[in-house]
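Asks: Got final-v9.cif for you, mmCIF, C-alpha atoms and all ligand atoms:
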```
data_coords
#
loop_
_atom_site.label_atom_id
_atom_site.label_comp_id
_atom_site.auth_asym_id
_atom_site.auth_seq_id
_atom_site.Cartn_x
_atom_site.Cartn_y
_atom_site.Cartn_z
CA MET V 570 -94.35 104.13 209.73
CA PRO V 571 -97.82 105.71 209.91
CA ASN V 572 -99.98 105.57 206.78
CA GLU V 573 -100.38 108.62 204.53
CA PRO V 574 -103.26 111.03 205.23
CA ILE V 575 -106.43 110.53 203.18
CA SER V 576 -108.29 113.41 201.49
CA THR V 577 -111.53 114.61 203.11
CA GLY V 578 -113.43 113.63 199.93
CA ASP V 579 -112.09 110.07 199.95
CA GLU V 580 -112.81 109.71 203.65
CA THR V 581 -116.39 110.92 203.21
CA GLN V 582 -116.93 108.46 200.37
CA LEU V 583 -115.53 105.56 202.37
CA LEU V 584 -117.56 106.37 205.49
CA GLY V 585 -120.66 106.72 203.29
CA ALA V 586 -120.08 103.20 201.91
CA ILE V 587 -119.76 101.86 205.49
CA ASP V 588 -122.98 103.64 206.54
CA ARG V 589 -124.92 102.27 203.55
CA TRP V 590 -123.70 98.73 204.28
CA LEU V 591 -124.67 99.02 207.95
CA GLU V 592 -128.20 100.15 207.10
CA ARG V 593 -128.70 97.75 204.17
CA ASP V 594 -127.12 94.53 205.47
CA VAL V 595 -126.44 94.76 209.19
CA ARG V 596 -128.78 96.73 211.46
CA ASP V 597 -131.90 94.61 211.12
CA LYS V 598 -130.02 91.33 211.50
CA VAL V 599 -128.05 92.12 214.65
CA MET V 600 -130.60 91.08 217.25
CA ALA V 601 -131.15 87.58 215.83
CA LEU V 602 -127.43 86.85 215.35
CA GLU V 603 -126.56 88.20 218.79
CA ARG V 604 -129.27 86.13 220.47
CA ALA V 605 -128.08 82.98 218.71
CA ASP V 606 -124.42 83.90 219.38
CA GLU V 607 -123.92 83.08 215.71
CA TYR V 608 -120.80 84.00 213.73
CA PRO V 609 -121.93 86.57 211.11
CA ARG V 610 -120.54 84.72 208.10
CA GLU V 611 -122.37 86.77 205.48
CA MET V 612 -121.26 90.06 207.06
CA VAL V 613 -117.67 88.81 207.19
CA ALA V 614 -117.82 88.20 203.43
CA GLN V 615 -119.16 91.74 203.00
CA MET V 616 -116.40 93.14 205.22
CA ARG V 617 -113.87 91.41 202.94
CA GLU V 618 -115.50 93.14 199.95
CA LEU V 619 -115.29 96.48 201.74
CA GLY V 620 -111.57 95.90 202.33
CA LEU V 621 -111.85 96.05 206.13
CA PHE V 622 -109.40 93.19 206.73
CA GLY V 623 -106.76 95.34 205.06
CA ALA V 624 -107.96 98.70 206.42
CA THR V 625 -104.61 99.74 207.92
CA ILE V 626 -102.35 97.51 205.77
CA PRO V 627 -100.36 99.61 203.24
CA ALA V 628 -101.63 99.72 199.65
CA GLU V 629 -98.41 98.07 198.35
CA TYR V 630 -99.60 94.86 200.08
CA GLY V 631 -103.17 95.18 198.84
CA GLY V 632 -104.65 97.01 201.86
CA LEU V 633 -106.53 100.32 202.07
CA GLY V 634 -103.57 101.95 203.88
CA LEU V 635 -105.85 104.08 206.05
CA PRO V 636 -104.53 106.43 208.72
CA ALA V 637 -105.58 105.67 212.31
CA GLY V 638 -107.95 108.68 212.34
CA THR V 639 -110.07 107.34 209.47
CA TYR V 640 -109.85 103.80 210.81
CA ALA V 641 -111.14 104.96 214.21
CA LYS V 642 -114.14 106.64 212.53
CA ILE V 643 -114.99 103.35 210.78
CA VAL V 644 -114.72 101.43 214.05
CA THR V 645 -116.99 103.96 215.80
CA ARG V 646 -119.66 103.75 213.09
CA ILE V 647 -119.72 99.96 213.09
CA SER V 648 -119.74 99.81 216.91
CA GLU V 649 -122.79 102.07 216.97
CA VAL V 650 -124.62 99.25 215.18
CA TRP V 651 -122.86 96.08 216.44
CA MET V 652 -119.53 96.22 218.26
CA SER V 653 -118.80 92.52 217.80
CA LEU V 654 -118.15 93.05 214.08
CA THR V 655 -115.18 95.30 214.83
CA GLY V 656 -113.53 92.55 216.89
CA ILE V 657 -113.40 90.34 213.82
CA PHE V 658 -110.99 92.69 212.05
CA ASN V 659 -109.43 94.68 214.96
CA SER V 660 -107.14 92.02 216.42
CA HIS V 661 -106.48 90.71 212.89
CA LEU V 662 -105.12 94.15 212.02
CA ILE V 663 -102.97 94.33 215.15
CA MET V 664 -101.43 91.00 214.12
CA SER V 665 -100.91 92.48 210.62
CA LYS V 666 -99.33 95.60 212.11
CA ALA V 667 -96.75 93.48 213.97
CA VAL V 668 -95.74 91.87 210.65
CA GLU V 669 -95.71 95.23 208.86
CA ARG V 670 -93.60 96.96 211.54
CA PHE V 671 -91.28 94.19 212.63
CA GLY V 672 -91.50 91.37 210.08
CA THR V 673 -88.78 90.43 207.59
CA GLY V 674 -89.29 91.37 203.92
CA GLU V 675 -90.12 87.75 203.16
CA GLN V 676 -92.75 87.61 205.96
CA LYS V 677 -94.41 90.80 204.69
CA GLU V 678 -94.60 89.41 201.14
CA ARG V 679 -95.86 86.01 202.34
CA PHE V 680 -98.52 87.17 204.80
CA LEU V 681 -99.66 90.77 204.29
CA PRO V 682 -101.44 90.38 200.91
CA ARG V 683 -103.45 87.42 202.26
CA PHE V 684 -104.19 89.26 205.52
CA ALA V 685 -105.33 92.32 203.52
CA SER V 686 -107.76 90.35 201.37
CA GLY V 687 -109.13 88.49 204.39
CA GLU V 688 -108.14 85.16 202.82
CA ILE V 689 -106.24 84.47 206.07
CA ARG V 690 -107.87 85.94 209.17
CA GLY V 691 -106.82 85.69 212.79
CA GLY V 692 -105.64 87.72 215.73
CA LEU V 693 -103.39 87.92 218.74
CA ALA V 694 -102.71 85.08 221.17
CA LEU V 695 -101.14 86.65 224.25
CA THR V 696 -103.32 85.90 227.30
CA GLU V 697 -102.97 82.63 229.22
CA PRO V 698 -105.08 81.06 231.96
CA ASN V 699 -102.68 82.37 234.63
CA CYS V 700 -102.00 85.85 233.23
CA GLY V 701 -103.29 88.66 231.06
CA THR V 702 -102.02 91.94 232.46
CA ASP V 703 -98.67 90.48 233.51
CA LEU V 704 -97.68 89.16 230.09
CA GLN V 705 -94.11 88.52 231.19
CA ALA V 706 -95.49 85.67 233.34
CA ILE V 707 -96.62 83.60 230.33
CA ARG V 708 -95.72 79.89 230.41
CA THR V 709 -96.05 78.95 226.74
CA THR V 710 -92.61 77.98 225.45
CA ALA V 711 -90.96 77.60 222.05
CA VAL V 712 -87.92 75.33 222.02
CA ARG V 713 -85.55 75.47 219.07
CA GLN V 714 -84.40 72.33 217.23
CA GLY V 715 -82.45 73.33 214.13
CA GLU V 716 -84.61 75.46 211.89
CA ASP V 717 -87.84 74.62 213.75
CA PHE V 718 -89.37 75.55 217.09
CA THR V 719 -91.73 73.37 219.13
CA ILE V 720 -94.46 75.33 220.93
CA ASN V 721 -96.26 74.02 224.01
CA GLY V 722 -98.81 75.86 226.14
CA THR V 723 -102.37 77.18 226.35
CA LYS V 724 -103.69 80.59 225.35
CA THR V 725 -107.11 81.78 226.40
CA TRP V 726 -109.71 84.41 225.50
CA ILE V 727 -108.42 84.49 221.94
CA SER V 728 -110.71 86.50 219.69
CA ASN V 729 -111.34 84.74 216.35
CA GLY V 730 -109.83 81.62 217.92
CA ILE V 731 -112.29 79.28 216.19
CA GLU V 732 -112.96 81.04 212.87
CA GLY V 733 -109.44 82.44 212.41
CA SER V 734 -106.57 80.43 210.96
CA CYS V 735 -103.44 82.41 211.89
CA PHE V 736 -102.34 83.99 215.17
CA ALA V 737 -99.45 86.07 216.41
CA VAL V 738 -98.54 83.99 219.44
CA LEU V 739 -96.38 85.29 222.28
CA VAL V 740 -94.05 82.66 223.78
CA LYS V 741 -90.97 82.29 225.96
CA THR V 742 -87.95 81.25 223.91
CA ASP V 743 -85.75 81.66 226.99
CA PRO V 744 -87.79 81.19 230.18
CA GLU V 745 -84.77 81.74 232.46
CA THR V 746 -83.60 85.14 231.17
CA GLN V 747 -83.88 88.24 233.35
CA PRO V 748 -85.46 90.69 232.82
CA ARG V 749 -88.20 88.28 231.73
CA HIS V 750 -89.23 90.22 228.61
CA ARG V 751 -85.83 89.56 226.96
CA GLY V 752 -86.72 85.88 226.68
CA MET V 753 -89.98 86.44 224.78
CA SER V 754 -90.66 86.01 221.05
CA LEU V 755 -93.63 86.43 218.72
CA PHE V 756 -94.45 83.80 216.09
CA LEU V 757 -97.03 83.60 213.32
CA ALA V 758 -98.78 80.29 213.95
CA GLU V 759 -101.09 78.91 211.27
CA LYS V 760 -103.56 76.25 212.32
CA GLY V 761 -102.38 72.70 211.68
CA ASN V 762 -101.06 69.68 213.53
CA GLY V 763 -100.45 70.47 217.18
CA LEU V 764 -102.62 73.62 217.31
CA SER V 765 -106.22 73.04 218.27
CA VAL V 766 -109.15 74.92 219.76
CA GLY V 767 -109.63 73.96 223.40
CA ARG V 768 -113.15 75.29 223.88
CA LYS V 769 -115.41 78.19 222.99
CA LEU V 770 -115.79 80.54 225.97
CA GLY V 771 -119.20 81.77 227.14
CA LYS V 772 -119.61 85.55 227.57
CA ILE V 773 -122.24 87.96 228.85
CA GLY V 774 -121.89 90.12 225.72
CA TYR V 775 -119.67 90.55 222.65
CA LYS V 776 -121.63 87.71 221.07
CA GLY V 777 -121.22 86.50 217.50
CA ILE V 778 -117.43 86.78 217.57
CA ASP V 779 -115.75 83.65 218.87
CA SER V 780 -113.52 83.78 221.96
CA ALA V 781 -111.64 80.55 222.52
CA GLU V 782 -108.86 78.67 224.17
CA LEU V 783 -106.00 77.66 221.86
CA VAL V 784 -103.89 74.65 222.78
CA PHE V 785 -100.35 74.22 221.45
CA ASP V 786 -99.26 70.61 221.86
CA ASN V 787 -95.84 70.00 220.30
CA TYR V 788 -96.79 72.44 217.55
CA GLN V 789 -93.93 72.76 215.04
CA VAL V 790 -93.19 76.10 213.46
CA SER V 791 -90.32 77.15 211.22
CA VAL V 792 -87.89 79.93 212.17
CA ASP V 793 -89.27 81.65 209.04
CA ASN V 794 -92.41 82.41 211.10
CA LEU V 795 -90.51 84.09 213.96
CA ILE V 796 -91.52 87.73 213.49
CA GLY V 797 -88.41 89.71 212.58
CA GLY V 798 -86.29 86.54 212.56
CA GLU V 799 -84.63 87.35 215.90
CA GLU V 800 -85.45 85.80 219.29
CA GLY V 801 -86.11 87.97 222.34
CA GLN V 802 -88.05 90.75 220.55
CA GLY V 803 -91.59 89.50 221.22
CA PHE V 804 -92.51 91.63 224.20
CA TYR V 805 -91.30 94.80 222.50
CA GLN V 806 -93.17 93.86 219.30
CA THR V 807 -96.37 93.17 221.26
CA VAL V 808 -96.24 96.40 223.23
CA GLY V 809 -95.55 98.21 219.94
CA GLY V 810 -99.08 97.31 218.77
CA LEU V 811 -100.86 98.46 221.88
CA GLU V 812 -101.22 102.12 220.94
CA LEU V 813 -103.24 101.27 217.83
CA GLY V 814 -105.13 98.62 219.82
CA ARG V 815 -106.12 101.20 222.43
CA ILE V 816 -107.23 103.70 219.79
CA ASN V 817 -109.40 100.86 218.42
CA VAL V 818 -110.98 100.23 221.80
CA ALA V 819 -111.52 103.95 222.38
CA ALA V 820 -113.27 104.19 219.01
CA ARG V 821 -115.53 101.29 219.98
CA GLY V 822 -116.32 103.09 223.23
CA VAL V 823 -117.34 106.21 221.29
CA GLY V 824 -119.62 103.99 219.19
CA ILE V 825 -121.37 102.42 222.18
CA ALA V 826 -121.66 105.78 223.98
CA ASN V 827 -123.19 107.37 220.85
CA ALA V 828 -125.60 104.49 220.34
CA ALA V 829 -126.81 104.77 223.94
CA LEU V 830 -127.26 108.54 223.55
CA LYS V 831 -129.26 108.10 220.33
CA GLU V 832 -131.55 105.47 221.86
CA ALA V 833 -132.09 107.62 224.96
CA THR V 834 -132.70 110.83 223.03
CA SER V 835 -135.40 109.23 220.86
CA TYR V 836 -137.08 107.24 223.62
CA SER V 837 -137.24 110.21 225.96
CA GLN V 838 -139.23 112.16 223.34
CA VAL V 839 -141.91 109.51 222.90
CA ARG V 840 -142.35 108.26 226.45
CA GLU V 841 -144.70 110.47 228.44
CA THR V 842 -145.23 110.77 232.19
CA MET V 843 -147.21 113.40 234.11
CA GLY V 844 -148.60 114.69 230.81
CA LYS V 845 -145.35 115.43 229.03
CA PRO V 846 -142.45 113.64 227.29
CA ILE V 847 -139.85 112.54 229.84
CA CYS V 848 -137.19 114.61 228.00
CA GLU V 849 -138.93 117.65 229.49
CA HIS V 850 -138.27 116.49 233.05
CA GLN V 851 -135.13 118.05 234.46
CA ALA V 852 -133.90 114.74 235.94
CA ILE V 853 -133.83 113.21 232.43
CA GLN V 854 -132.38 116.36 230.87
CA THR V 855 -129.32 116.26 233.14
CA LYS V 856 -128.75 112.63 232.16
CA LEU V 857 -129.00 113.45 228.43
CA ALA V 858 -126.69 116.44 228.82
CA ASP V 859 -124.03 114.39 230.63
CA MET V 860 -124.32 111.57 228.08
CA ALA V 861 -123.90 113.95 225.13
CA THR V 862 -120.93 115.66 226.79
CA ARG V 863 -119.25 112.30 227.40
CA CYS V 864 -119.75 111.38 223.72
CA GLN V 865 -118.09 114.56 222.50
CA ALA V 866 -115.20 114.34 224.96
CA ALA V 867 -114.59 110.65 224.16
CA ARG V 868 -114.61 111.35 220.41
CA LEU V 869 -112.20 114.27 220.72
CA LEU V 870 -109.77 112.31 222.92
CA THR V 871 -109.85 109.45 220.40
CA GLU V 872 -109.25 111.78 217.45
CA TYR V 873 -106.43 113.46 219.38
CA ALA V 874 -104.71 110.13 220.06
CA ALA V 875 -105.21 108.96 216.47
CA SER V 876 -103.74 112.15 215.04
CA ALA V 877 -100.66 111.84 217.29
CA TYR V 878 -100.32 108.23 216.07
CA ASP V 879 -100.67 109.35 212.44
CA ARG V 880 -97.92 111.94 212.92
CA GLY V 881 -95.65 109.13 214.10
CA GLU V 882 -95.39 110.53 217.64
CA ARG V 883 -95.18 108.53 220.83
CA CYS V 884 -98.79 108.42 222.02
CA ASP V 885 -99.10 105.82 224.78
CA MET V 886 -100.43 108.47 227.19
CA GLU V 887 -102.87 109.90 224.63
CA ALA V 888 -104.10 106.45 223.55
CA GLY V 889 -104.39 105.43 227.21
CA MET V 890 -106.47 108.53 228.06
CA ALA V 891 -108.75 107.96 225.07
CA LYS V 892 -109.21 104.27 225.91
CA LEU V 893 -109.84 104.98 229.59
CA PHE V 894 -112.31 107.82 229.06
CA ALA V 895 -114.19 106.39 226.08
CA SER V 896 -114.66 102.94 227.65
CA GLU V 897 -115.95 104.43 230.90
CA ALA V 898 -118.19 106.77 228.86
CA ALA V 899 -119.62 103.73 227.04
CA LEU V 900 -120.34 102.00 230.34
CA GLU V 901 -121.94 105.06 231.95
CA ASN V 902 -124.00 105.94 228.87
CA ALA V 903 -125.25 102.35 228.52
CA GLN V 904 -126.40 102.40 232.14
CA GLU V 905 -128.04 105.83 231.88
CA CYS V 906 -129.78 104.77 228.67
CA MET V 907 -131.16 101.77 230.54
CA ARG V 908 -132.46 103.98 233.36
CA ILE V 909 -134.07 106.41 230.92
CA HIS V 910 -135.93 103.45 229.39
CA GLY V 911 -137.34 102.50 232.79
CA GLY V 912 -138.68 98.93 232.86
CA TYR V 913 -138.21 98.61 229.08
CA GLY V 914 -134.49 99.14 229.63
CA TYR V 915 -134.41 95.84 231.49
CA SER V 916 -136.22 94.06 228.68
CA THR V 917 -134.42 91.89 226.15
CA GLU V 918 -136.65 93.36 223.39
CA PHE V 919 -134.67 96.62 223.06
CA PRO V 920 -131.05 97.18 221.90
CA VAL V 921 -130.25 98.92 225.20
CA GLU V 922 -129.52 95.68 227.03
CA ARG V 923 -126.90 94.67 224.44
CA LEU V 924 -125.06 97.96 224.90
CA TYR V 925 -125.13 97.32 228.64
CA ARG V 926 -123.60 93.85 228.16
CA ASP V 927 -121.03 94.90 225.54
CA ALA V 928 -119.65 98.03 227.22
CA PRO V 929 -117.77 96.48 230.21
CA LEU V 930 -115.45 94.51 227.91
CA LEU V 931 -113.93 97.81 226.80
CA CYS V 932 -112.75 98.50 230.35
CA ILE V 933 -110.90 95.13 230.38
CA GLY V 934 -109.48 94.52 226.88
CA GLU V 935 -106.23 95.98 225.47
CA GLY V 936 -104.95 96.72 228.97
CA THR V 937 -107.43 97.16 231.81
CA ASN V 938 -108.45 100.66 232.83
CA GLU V 939 -106.60 100.20 236.11
CA MET V 940 -103.42 99.74 234.03
CA GLN V 941 -104.27 102.71 231.78
CA ARG V 942 -104.26 104.97 234.83
CA ILE V 943 -100.82 103.67 235.81
CA ILE V 944 -99.48 104.22 232.26
CA ILE V 945 -100.93 107.74 232.11
CA ALA V 946 -99.51 108.70 235.52
CA ARG V 947 -96.05 107.31 234.67
CA GLN V 948 -95.94 109.23 231.39
CA LEU V 949 -97.22 112.37 233.05
CA VAL V 950 -94.31 112.32 235.49
CA ALA V 951 -91.76 111.28 232.83
CA ARG V 952 -92.83 114.12 230.54
CA ASN V 953 -92.82 116.70 233.35
CA PRO V 954 -89.62 116.16 235.34
CA VAL V 955 -88.66 118.72 237.98
C1 LIG Z 1001 -114.06 88.97 225.33
C2 LIG Z 1001 -112.59 89.00 225.52
C3 LIG Z 1001 -111.76 89.00 224.40
C4 LIG Z 1001 -110.37 88.95 224.56
N1 LIG Z 1001 -109.56 88.85 223.44
C5 LIG Z 1001 -108.25 88.59 223.60
C6 LIG Z 1001 -107.41 88.29 222.46
O1 LIG Z 1001 -107.87 88.29 221.30
N2 LIG Z 1001 -106.11 87.99 222.68
C7 LIG Z 1001 -105.57 87.98 223.93
O2 LIG Z 1001 -104.38 87.67 224.06
N3 LIG Z 1001 -106.32 88.28 225.03
C8 LIG Z 1001 -107.64 88.57 224.89
N4 LIG Z 1001 -108.42 88.85 226.00
C9 LIG Z 1001 -107.82 88.84 227.32
C10 LIG Z 1001 -107.67 90.24 227.92
O3 LIG Z 1001 -106.67 90.95 227.21
C11 LIG Z 1001 -107.34 90.06 229.41
O4 LIG Z 1001 -108.50 89.55 230.04
C12 LIG Z 1001 -106.92 91.36 230.05
O5 LIG Z 1001 -105.65 91.74 229.57
C13 LIG Z 1001 -106.86 91.25 231.59
O6 LIG Z 1001 -106.09 90.15 231.99
P1 LIG Z 1001 -106.67 89.11 233.04
O7 LIG Z 1001 -108.03 88.73 232.61
O8 LIG Z 1001 -105.66 88.03 233.18
O9 LIG Z 1001 -106.79 89.92 234.39
P2 LIG Z 1001 -105.64 90.08 235.50
O10 LIG Z 1001 -104.37 90.49 234.84
O11 LIG Z 1001 -105.62 88.89 236.35
O12 LIG Z 1001 -106.22 91.32 236.33
C14 LIG Z 1001 -107.22 91.18 237.32
C15 LIG Z 1001 -107.48 92.55 237.96
O13 LIG Z 1001 -106.30 93.04 238.59
C16 LIG Z 1001 -105.95 94.33 238.05
N5 LIG Z 1001 -104.48 94.43 237.99
C17 LIG Z 1001 -103.62 93.52 237.49
N6 LIG Z 1001 -102.35 93.95 237.64
C18 LIG Z 1001 -102.41 95.16 238.22
C19 LIG Z 1001 -101.44 96.13 238.64
N7 LIG Z 1001 -100.13 95.93 238.42
N8 LIG Z 1001 -101.88 97.25 239.21
C20 LIG Z 1001 -103.19 97.48 239.40
N9 LIG Z 1001 -104.17 96.62 239.05
C21 LIG Z 1001 -103.78 95.48 238.47
C22 LIG Z 1001 -106.57 94.36 236.67
O14 LIG Z 1001 -106.79 95.70 236.23
C23 LIG Z 1001 -107.88 93.63 236.93
O15 LIG Z 1001 -108.80 94.51 237.51
C24 LIG Z 1001 -109.81 88.96 225.86
C25 LIG Z 1001 -110.65 89.03 226.98
C26 LIG Z 1001 -112.01 89.04 226.82
C27 LIG Z 1001 -112.88 89.06 228.05
#
```
Please express what this file holds, its structure, as structure tokens.
Ligand SMILES: Cc1cc2nc3c(=O)[nH]c(=O)nc-3n(C[C@H](O)[C@H](O)[C@H](O)COP(=O)(O)OP(=O)(O)OC[C@H]3O[C@@H](n4cnc5c(N)ncnc54)[C@H](O)[C@@H]3O)c2cc1C
Replies:
Amino acid sequence: MPNEPISTGDETQLLGAIDRWLERDVRDKVMALERADEYPREMVAQMRELGLFGATIPAEYGGLGLPAGTYAKIVTRISEVWMSLTGIFNSHLIMSKAVERFGTGEQKERFLPRFASGEIRGGLALTEPNCGTDLQAIRTTAVRQGEDFTINGTKTWISNGIEGSCFAVLVKTDPETQPRHRGMSLFLAEKGNGLSVGRKLGKIGYKGIDSAELVFDNYQVSVDNLIGGEEGQGFYQTVGGLELGRINVAARGVGIANAALKEATSYSQVRETMGKPICEHQAIQTKLADMATRCQAARLLTEYAASAYDRGERCDMEAGMAKLFASEAALENAQECMRIHGGYGYSTEFPVERLYRDAPLLCIGEGTNEMQRIIIARQLVARNPV
């Protein structure tokens, strides 16, 4: 069930608190943390105080119970300053959403309050070394022995893999079943014996947040941690979280696109060539105009998808369009911002280069943009039969 709408006054107050935090405690520290690829521990504590780990978790479990529209605005604002911070609570909230939508009453009571407070943080463990897009090809298995399952396999690229302590892990409980998705299940796996971090993965951007390999080696988990209590539902439960995940990524794209536009708009007014600011040259003006138009279009597509989600409507096509457009807008704006900065755009002294390194991830995560086009086209035909 979608969360209740929030009043305009409450939303303004909340967004104001986020803006004040970003200016007071985040903006000036980003460059040093990003360079050192250091986990922003202090900011994580502040995000707990702000309630971000429970942003979309219903109030009855201690969360803020925000609708997707308000949540997307928060993600955009934070991404304008440092996108990595949003990754620390985004996949955590998708894990929480799976428990909220599909978990048993006992699982909701046991996990959601601690997820909401940020006492337990984590994310989603779906991808494996041999597959990301084709999730039905996963090899991690969970074999039942009485009331316990034994999980074996390796997951990779797991956000919060080192700092997090609990993951929604997708496994095969029946590797022989056809179609393959009927043999898949989703478990909540808390770190302990048999679950270890393989290695931290190096990345060109998205620094600060840890991406890691997780190794399950005879990891024992009780049937009580099988989400929903029934085997064979894991693929459906995972796909069920993708719409919100894609709205998240779209909102990040709007943030990066906006940040690039802001940097370019200011720089182009202070940099002079041929006796005038470069913003007065037509070649730069067309770039600024296209960047600003992309920002508006990306924001509107994201809001449109989020409002369909909040009305409880099917919105895979809308979320796919928002994710596709906003992530490409982020990439294009980051590159144009770099060109407008000339040689300084290639320097590591300006924020532009971080935007340029962060943006491409958005075209890959939560379903690649190639896959978004396929989803959009399929829905287009399904919704318009002749
Ligand atoms: C920084 C980072 C963080 C991540 N965080 C997480 C996380 O927290 N949890 C998690 O589970 N995963 C995570 N991932 C993994 C991510 O979801 C996958 O990388 C992504 O789904 C793509 O899968 P893949 O890398 O296996 O590429 P592949 O599936 O091998 O795809 C390779 C290329 O082929 C294209 N392709 C594949 N199939 C088709 C098709 N049918 N039609 C057309 N084109 C196709 C793809 O679009 C892509 O261009 C993360 C990845 C990164 C880089």
Asks: Within 6 Å of ligand LIG 1001 (chain Z), counting only C-alpha atoms and all ligand atoms, which protein or nucleic acid residues do you find, written as a list in words?
Replies: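 If we count only C-alpha atoms and all ligand atoms, the neighbours of ligand LIG 1001 (chain Z) turn out to be Leu693, Ala694, Leu695, Thr696, Cys700, Gly701, Thr702, Asp703, Trp726, Ile727, Ser728, Ile933, Gly934, Glu935, Gly936, Thr937, Glu939 and Met940 of chain V.
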Asks: Which polymer residues have any atom within 8 Å of an atom of stretch 739-746 of chain V, counting all atoms listed in the file, with same-chain residues fewer than 5 positions away left out, as a list in words?
Replies: Ala694, Leu695, Ile707, Arg708, Thr709, Thr710, Ala711, Val712, Arg713, Ile720, Arg751, Gly752, Met753, Ser754, Leu755, Phe756, Glu800, Gly801, Gly803, Phe804 and Thr807 of chain V
Asks: Go ahead and save the residues from that selection, with C-alpha atoms, as a CSV table (one decimal), keeping the file's coordinate frame.
Replies:
```csv
chain,number,residue,atom,x,y,z
V,694,ALA,CA,-102.7,85.1,221.2
V,695,LEU,CA,-101.1,86.6,224.2
V,707,ILE,CA,-96.6,83.6,230.3
V,708,ARG,CA,-95.7,79.9,230.4
V,709,THR,CA,-96.0,79.0,226.7
V,710,THR,CA,-92.6,78.0,225.4
V,711,ALA,CA,-91.0,77.6,222.0
V,712,VAL,CA,-87.9,75.3,222.0
V,713,ARG,CA,-85.6,75.5,219.1
V,720,ILE,CA,-94.5,75.3,220.9
V,751,ARG,CA,-85.8,89.6,227.0
V,752,GLY,CA,-86.7,85.9,226.7
V,753,MET,CA,-90.0,86.4,224.8
V,754,SER,CA,-90.7,86.0,221.0
V,755,LEU,CA,-93.6,86.4,218.7
V,756,PHE,CA,-94.4,83.8,216.1
V,800,GLU,CA,-85.4,85.8,219.3
V,801,GLY,CA,-86.1,88.0,222.3
V,803,GLY,CA,-91.6,89.5,221.2
V,804,PHE,CA,-92.5,91.6,224.2
V,807,THR,CA,-96.4,93.2,221.3
```
Asks: For a quick check of understanding, using only C-alpha atoms, which of V:Asn699, V:Leu633, V:Ala852, V:Asp606 has the smallest distance to V:Asp579?
Replies: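 Under the stated criterion, the closest residue is V:Leu633.
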Asks: What does the distance between atom CA of V:Gln904 and atom CA of V:Lys598 come to in Å, to one decimal place?
Replies: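 Computing the Euclidean distance for atom CA of V:Gln904 and atom CA of V:Lys598 yields 23.7 Å.
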Asks: Could you list, with a cut-off of 6 Å and counting only C-alpha atoms, the residues of stretch 602-708 of chain V near stretch 819-832 of chain V, each shown with its nearest atom pair and the distance in Å rounded to one decimal, rows sorted by chain and ascending number, as a Markdown table?
Replies:
```
| residue | atom | partner | partner_atom | distance |
| --- | --- | --- | --- | --- |
| V:Ala641 | CA | V:Ala820 | CA | 5.3 |
| V:Val644 | CA | V:Ala820 | CA | 5.9 |
| V:Thr645 | CA | V:Gly824 | CA | 4.3 |
| V:Ser648 | CA | V:Gly824 | CA | 4.8 |
| V:Glu649 | CA | V:Gly824 | CA | 4.3 |
```
Asks: When distances are computed from only C-alpha atoms, which of V:Ala867, V:Met612, V:Ser837, V:Ser916 shows the smallest separation from V:Val599?
Replies: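 Residue with the minimum atom-to-atom distance to V:Val599: V:Met612.
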Asks: I'd like to know which of V:Ile663, V:Met886, V:Leu783, V:Leu591 is closest to V:Val950, using only C-alpha atoms.
Replies: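 Answer, going by the shortest atom-to-atom distance: V:Met886.
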